[in-house]
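> Here's a structure for you.
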Amino acid sequence: MKILSLLILLVLAGCLAVPAISFFYESGGGAACSRCHEMGHQYEQWLSSSHRNIPCTSCHGEALSGSFRFHLTNVLRVRDHLLGNVPEPLRLRTADFLEMQARCAGCHRQEFAQWSAGPHSVSYERLFLNAEHNRKEPPVDDCLRCHGMHFEGGIRDLLEPASARGPWRLRQEELAGQPAIPCTTCHSMHRPGRLLARWQTGSPPAARFQEPVRPSVGLFDRRSRQAVPVSLLPLPRMQDRNRPVAISPDPRQALCYQCHAPLSAGQVRSGDDRTPTGVHEGLSCFSCHDKHRQTTRASCATCHPRLSNCNRPVETMDTTFADPGSRNNIHFVKCQDCHPQGVPTPKKKES
Amino acid sequence: MKRRNFLTIAALTAASSCSRTSPAPGLRVLSGKEARTLEAWVERLIPTDQDAGAREAGVVHFIDRLLAGWLKRKRQPWKSALEGIDRGAFLAYAKPFYELEPKRQIALLEQMEAGKASREAFPDDGGKAAFELVLSYTMMGFYGNPRHGGNRDYVSWQMLGVPAVPVRGRRHRDEAALVENEKPNSSSGKETL
């Protein structure tokens with residue numbers, strides 16, 4: 001009896017103590033978290049990041065949020081810490097990333113809405129339970145490089161069976177509707193970056209005070225379980241047969257090329273490549289594609305009809321890729337495709 | 001969770017100390033002195049020049065992390081190596097290793113590499129094993145995948161010009177066949193612009 005009441009007392013004390021301790025660390029506004037020396041590095045990175053005014057908890061969770069997992073993780077971390085078991089660098093888990101998504105969305109509503117409306121909000125279910133695709137292209141670990149990169153583990157831990165023969169099911173059903181390319185695929189937060197001027201003054205930032213590329217942009221690399229900044233992502237050398245293709249130097253494109261990638265020979269149009277050749281050769285993906293929605297129509301008017309030759313209704317014309325024989329494939333169309341008899345001489349020359 | 005673990009945690013968190021006494025701030029196993037010695041050592045093996053060296057790559061953190069995990073039961077050779085090199089430095093120059101000028105550090109390391117360091121510092125083999133131990137883990141920490149805690153920000157791969165992640169399309173299985181079928185230029189015009 002005594003033992004039982006002692007136990008109850010202890011459990012109660014424990015239940016109260018954990019949030020209390022979490023609260024103690026959080027109320028220190030970041031510095032307290034980093035007192036746990038394993039986080040010193042992350043704390044320093046945060047101090048110089050574009051989110052330096054955002055407390056840790058806004059992204060990583062609140063003590064008072066009542067999330068059981070949050071406290072459990074904390075308890076387990078403290079245990080590991082005290083027992084000296086912290087063999088690997090501290091990294092977020094699959095669920096940490098997925099929970100964070102809603103927190104990013106809370107502050108970045110516009111970007112979230114655009115991402116949601118665009119193709120990159122695709123779910124695990126759509127990508128991994130696609131029977132046609134699975135039959136043609138049996139699922140392998142490498143699939144997770146471009147979608148589902150936050151999933152810890154291999155394809156066998158995700159999908160059953162991991163082979164060309166179905167029926168397939170996700171081993172963790174709760175992942176089905178979760179995004180396979182969330183914000184943190186393309187944005188990492190613990191990275192030096194300036195504050196956006198507009199947040200301070202309410203007016204658009206003077207270009208010279210802003211980095212040419214948002215500091216957070218990079219790709220979350222599954223192998224190293226950390227983000228590779230866009231400055232370290234390569235822009236490929238592309239070839240159209242033997243002809244070297246001029247590609248835009250815009251470094252942000254390197255992100256798109258990681259997933260919309262050519263096969264290893266670097267030939268345009270191989271694999272998922274969309275390198276513009278023909279009339280638009282040398283343009284960046286971002287000249288036409290919106291960064292989150294990936295829509296393109298609004299862009300045409302920034303250059304047309306000013307820069308073009310033919311007075312075509314670019315904003316309404318058919319630009320499909322779906323038909324491989326399409327003469328209007330916007331990424332690859334050449335003058336000759338529409339002018340097979342020879343390109344007429346322009347009446348007046350643009351300079 | 002086991003009750004005993006829980007009690008330990010409760011007791012220790014109540015004391016609210018997050019840092020134990022021995023390891024240096026930011027480290028898990030190495031003391032401040034050991035870390036300084038090791039940093040000077042790995043810095044001589046892969047010095048910082050126009051490119052980043054072992055220090056920027058976080059090799060000391062990498063080794064410290066291993067000593068807290070994988071090498072938990074094999075800490076002794078490390079302790080001896082770090083004590084040995086310091087002792088060698090004291091015997092020869094009356095200073096700790098990390099305070100020696102680079103030239104002298106290199107001289108001492110060269111003796112160890114040849115197994116000719118003072119037997120007072122390294123009774124068994126004149127420092128050869130210690131030298132090789134630290135060299136091999138320095139290489140791993142410098143060139144390995146950052147997921148293991150070294151090669152911070154891919155510094156060594158940057159130096160070598162190896163992209164952290166190459167551009168690599170999907171469908172490698174039958175890549176050759178696909179390239180054949182998807183002959184470049186087959187979908188639109190015959191000539192290039």
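Order determines the names: the first chain of the structure tokens is A, the second B, and so forth; residues in each chain are numbered 1 upward, and ligands are numbered 1 upward as they are shown.
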Can you tell me, as a list in words, what residues are no more than 9 Å from Phe112 of chain A when counting only C-alpha atoms, ignoring any on the same chain fewer than 6 positions away?

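Final neighbour list, sorted by chain and number: Cys104, Ala105, Gly106, Cys183 and His292 of chain A.
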
> Quick check, in Å to one decimal: how far apart do atom CA of His304 of chain A and atom CA of Pro344 of chain A lie?

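Atom-to-atom, atom CA of His304 of chain A and atom CA of Pro344 of chain A are spaced 18.7 Å apart.
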
> Quick check for you: according to DSSP on this backbone, which residues of segment 26-187 of chain B are classed as helix (DSSP H, G or I)? Reply as a ChimeraX atom specification.

/B:32-45,59-68,72-74,76-93,97-99,102-113,128-143,146-148,152-160,175-181

> Can you pull out the residues contacting Arg237 of chain A? Cut-off 10 Å, using only C-alpha atoms, and skip same-chain residues under 3 positions away; I want them as a list in words.

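Surrounding residues, per the criterion: Pro234, Pro244, Val245, Ala246, Ile247, Ala265, Gly266, Gln267 and Val268 of chain A; Val167 of chain B.
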
> Pick out the closest residue to Gly84 of chain B from this set: B:Val162, B:Ala130, B:Leu38, B:Leu27. Count only C-alpha atoms.

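Checking each of B:Val162, B:Ala130, B:Leu38, B:Leu27 against Gly84 of chain B, counting only C-alpha atoms, the winner is B:Ala130.
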
> List the neighbours of segment 108-119 of chain B out to 8 Å using only C-alpha atoms; skip same-chain residues closer than 3 positions along the sequence, and give me the result as an NGL selection string.

:B and (88-89 or 104-105 or 122-128 or 130-132)

> For the selection you just gave me, I'd like the residues written to a file as a short mmCIF file (atom, residue, chain, number, x, y, z; two decimals), in the first residue's frame, keeping N, CA and C atoms.


```
data_model
loop_
_atom_site.label_atom_id
_atom_site.label_comp_id
_atom_site.auth_asym_id
_atom_site.auth_seq_id
_atom_site.Cartn_x
_atom_site.Cartn_y
_atom_site.Cartn_z
N GLY B 88 55.29 13.62 -24.35
CA GLY B 88 56.39 13.77 -25.31
C GLY B 88 56.76 15.24 -25.49
N ALA B 89 55.75 16.09 -25.59
CA ALA B 89 55.99 17.52 -25.78
C ALA B 89 56.69 18.11 -24.56
N ARG B 104 57.55 22.37 -34.36
CA ARG B 104 57.88 21.37 -33.32
C ARG B 104 56.81 20.30 -33.22
N GLN B 105 55.59 20.72 -33.40
CA GLN B 105 54.50 19.71 -33.38
C GLN B 105 54.74 18.70 -34.49
N PHE B 122 55.70 6.97 -24.84
CA PHE B 122 55.01 5.85 -25.50
C PHE B 122 55.83 4.57 -25.30
N PRO B 123 55.66 3.93 -24.14
CA PRO B 123 56.51 2.79 -23.77
C PRO B 123 56.47 1.66 -24.80
N ASP B 124 55.32 1.43 -25.45
CA ASP B 124 55.20 0.22 -26.26
C ASP B 124 55.89 0.34 -27.61
N ASP B 125 55.61 1.42 -28.33
CA ASP B 125 56.03 1.41 -29.73
C ASP B 125 56.52 2.77 -30.20
N GLY B 126 56.89 3.63 -29.29
CA GLY B 126 57.39 4.93 -29.71
C GLY B 126 56.35 5.77 -30.43
N GLY B 127 55.06 5.52 -30.15
CA GLY B 127 54.02 6.42 -30.64
C GLY B 127 53.40 6.05 -31.96
N LYS B 128 53.86 4.94 -32.56
CA LYS B 128 53.38 4.58 -33.90
C LYS B 128 51.87 4.30 -33.90
N ALA B 130 49.59 5.19 -31.74
CA ALA B 130 48.81 6.40 -31.43
C ALA B 130 48.71 7.27 -32.68
N PHE B 131 49.82 7.41 -33.39
CA PHE B 131 49.81 8.23 -34.60
C PHE B 131 48.80 7.69 -35.60
N GLU B 132 48.84 6.39 -35.80
CA GLU B 132 47.95 5.80 -36.80
C GLU B 132 46.50 5.85 -36.38
#
```

> Which of segment 209-303 of chain A counts as strand (DSSP E or B) under DSSP, as an NGL selection string please?

:A and (217-221 or 226-229 or 239-240 or 243-244 or 267)

> Could you save those same residues with C-alpha atoms as an mmCIF file, in the first residue's frame?


```
data_model
loop_
_atom_site.group_PDB
_atom_site.id
_atom_site.type_symbol
_atom_site.label_atom_id
_atom_site.label_comp_id
_atom_site.auth_asym_id
_atom_site.auth_seq_id
_atom_site.Cartn_x
_atom_site.Cartn_y
_atom_site.Cartn_z
ATOM 1 C CA VAL A 217 16.993 27.531 -49.783
ATOM 2 C CA GLY A 218 18.576 24.107 -50.150
ATOM 3 C CA LEU A 219 17.667 20.477 -50.469
ATOM 4 C CA PHE A 220 17.187 18.153 -47.524
ATOM 5 C CA ASP A 221 19.582 15.323 -48.264
ATOM 6 C CA GLN A 226 20.632 17.512 -43.234
ATOM 7 C CA ALA A 227 19.996 20.222 -45.768
ATOM 8 C CA VAL A 228 22.536 21.022 -48.469
ATOM 9 C CA PRO A 229 22.442 24.766 -49.155
ATOM 10 C CA GLN A 239 24.085 18.801 -73.892
ATOM 11 C CA ASP A 240 21.715 18.588 -76.835
ATOM 12 C CA ARG A 243 25.922 20.759 -78.657
ATOM 13 C CA PRO A 244 26.507 22.305 -75.210
ATOM 14 C CA GLN A 267 21.214 15.122 -72.334
#
```

> Here is a test: counting only C-alpha atoms, which residue of B:Arg152, B:Lys74, B:Lys79, B:Arg147 is nearest to Lys33 of chain B?

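Result for the nearest residue to Lys33 of chain B: B:Lys79.
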
> Near Trp157 of chain B, counting only C-alpha atoms, which residues have an atom at most 12 Å away, once you skip same-chain residues fewer than 3 positions from it, shown as a list in words?

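So, after excluding close chain neighbours, the residues are Leu232 and Leu233 of chain A; Asp51, Ala52, Gly53, Ala57, Gly141, Phe142, Tyr143, Gly144, Asn145, Pro146, Gly150, Asn151, Arg152, Asp153, Tyr154, Leu160, Gly161, Val162, Pro163, Ala164, Val165 and Pro166 of chain B.
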
> Of the candidates A:Leu307, A:Ala261, A:Val343, A:Leu255, which one gets nearest to chain B if we count only C-alpha atoms?

A:Ala261

> For atom CA of Trp115 of chain A and atom CA of Ser248 of chain A, determine how far apart the two atoms are, in Å to one decimal place.

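Spanning atom CA of Trp115 of chain A to atom CA of Ser248 of chain A is a straight-line distance of 24.1 Å.
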
> When you count only C-alpha atoms, which of these residues is closest to chain B: A:Cys285, A:Ala113, A:Val279, A:Leu170?

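Among A:Cys285, A:Ala113, A:Val279, A:Leu170, it is A:Val279 that comes nearest to chain B.
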
> Residues at most 10 Å from Cys143 of chain A, counting only C-alpha atoms, excluding those fewer than 6 positions away in the same chain, as a ChimeraX atom specification?

/A:127-128,137,149,154-155 /B:170-171

> What does the distance between atom CA of Pro55 of chain A and atom CA of Tyr43 of chain A come to in Å, to one decimal place?

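Separating atom CA of Pro55 of chain A from atom CA of Tyr43 of chain A is a distance of 10.6 Å.
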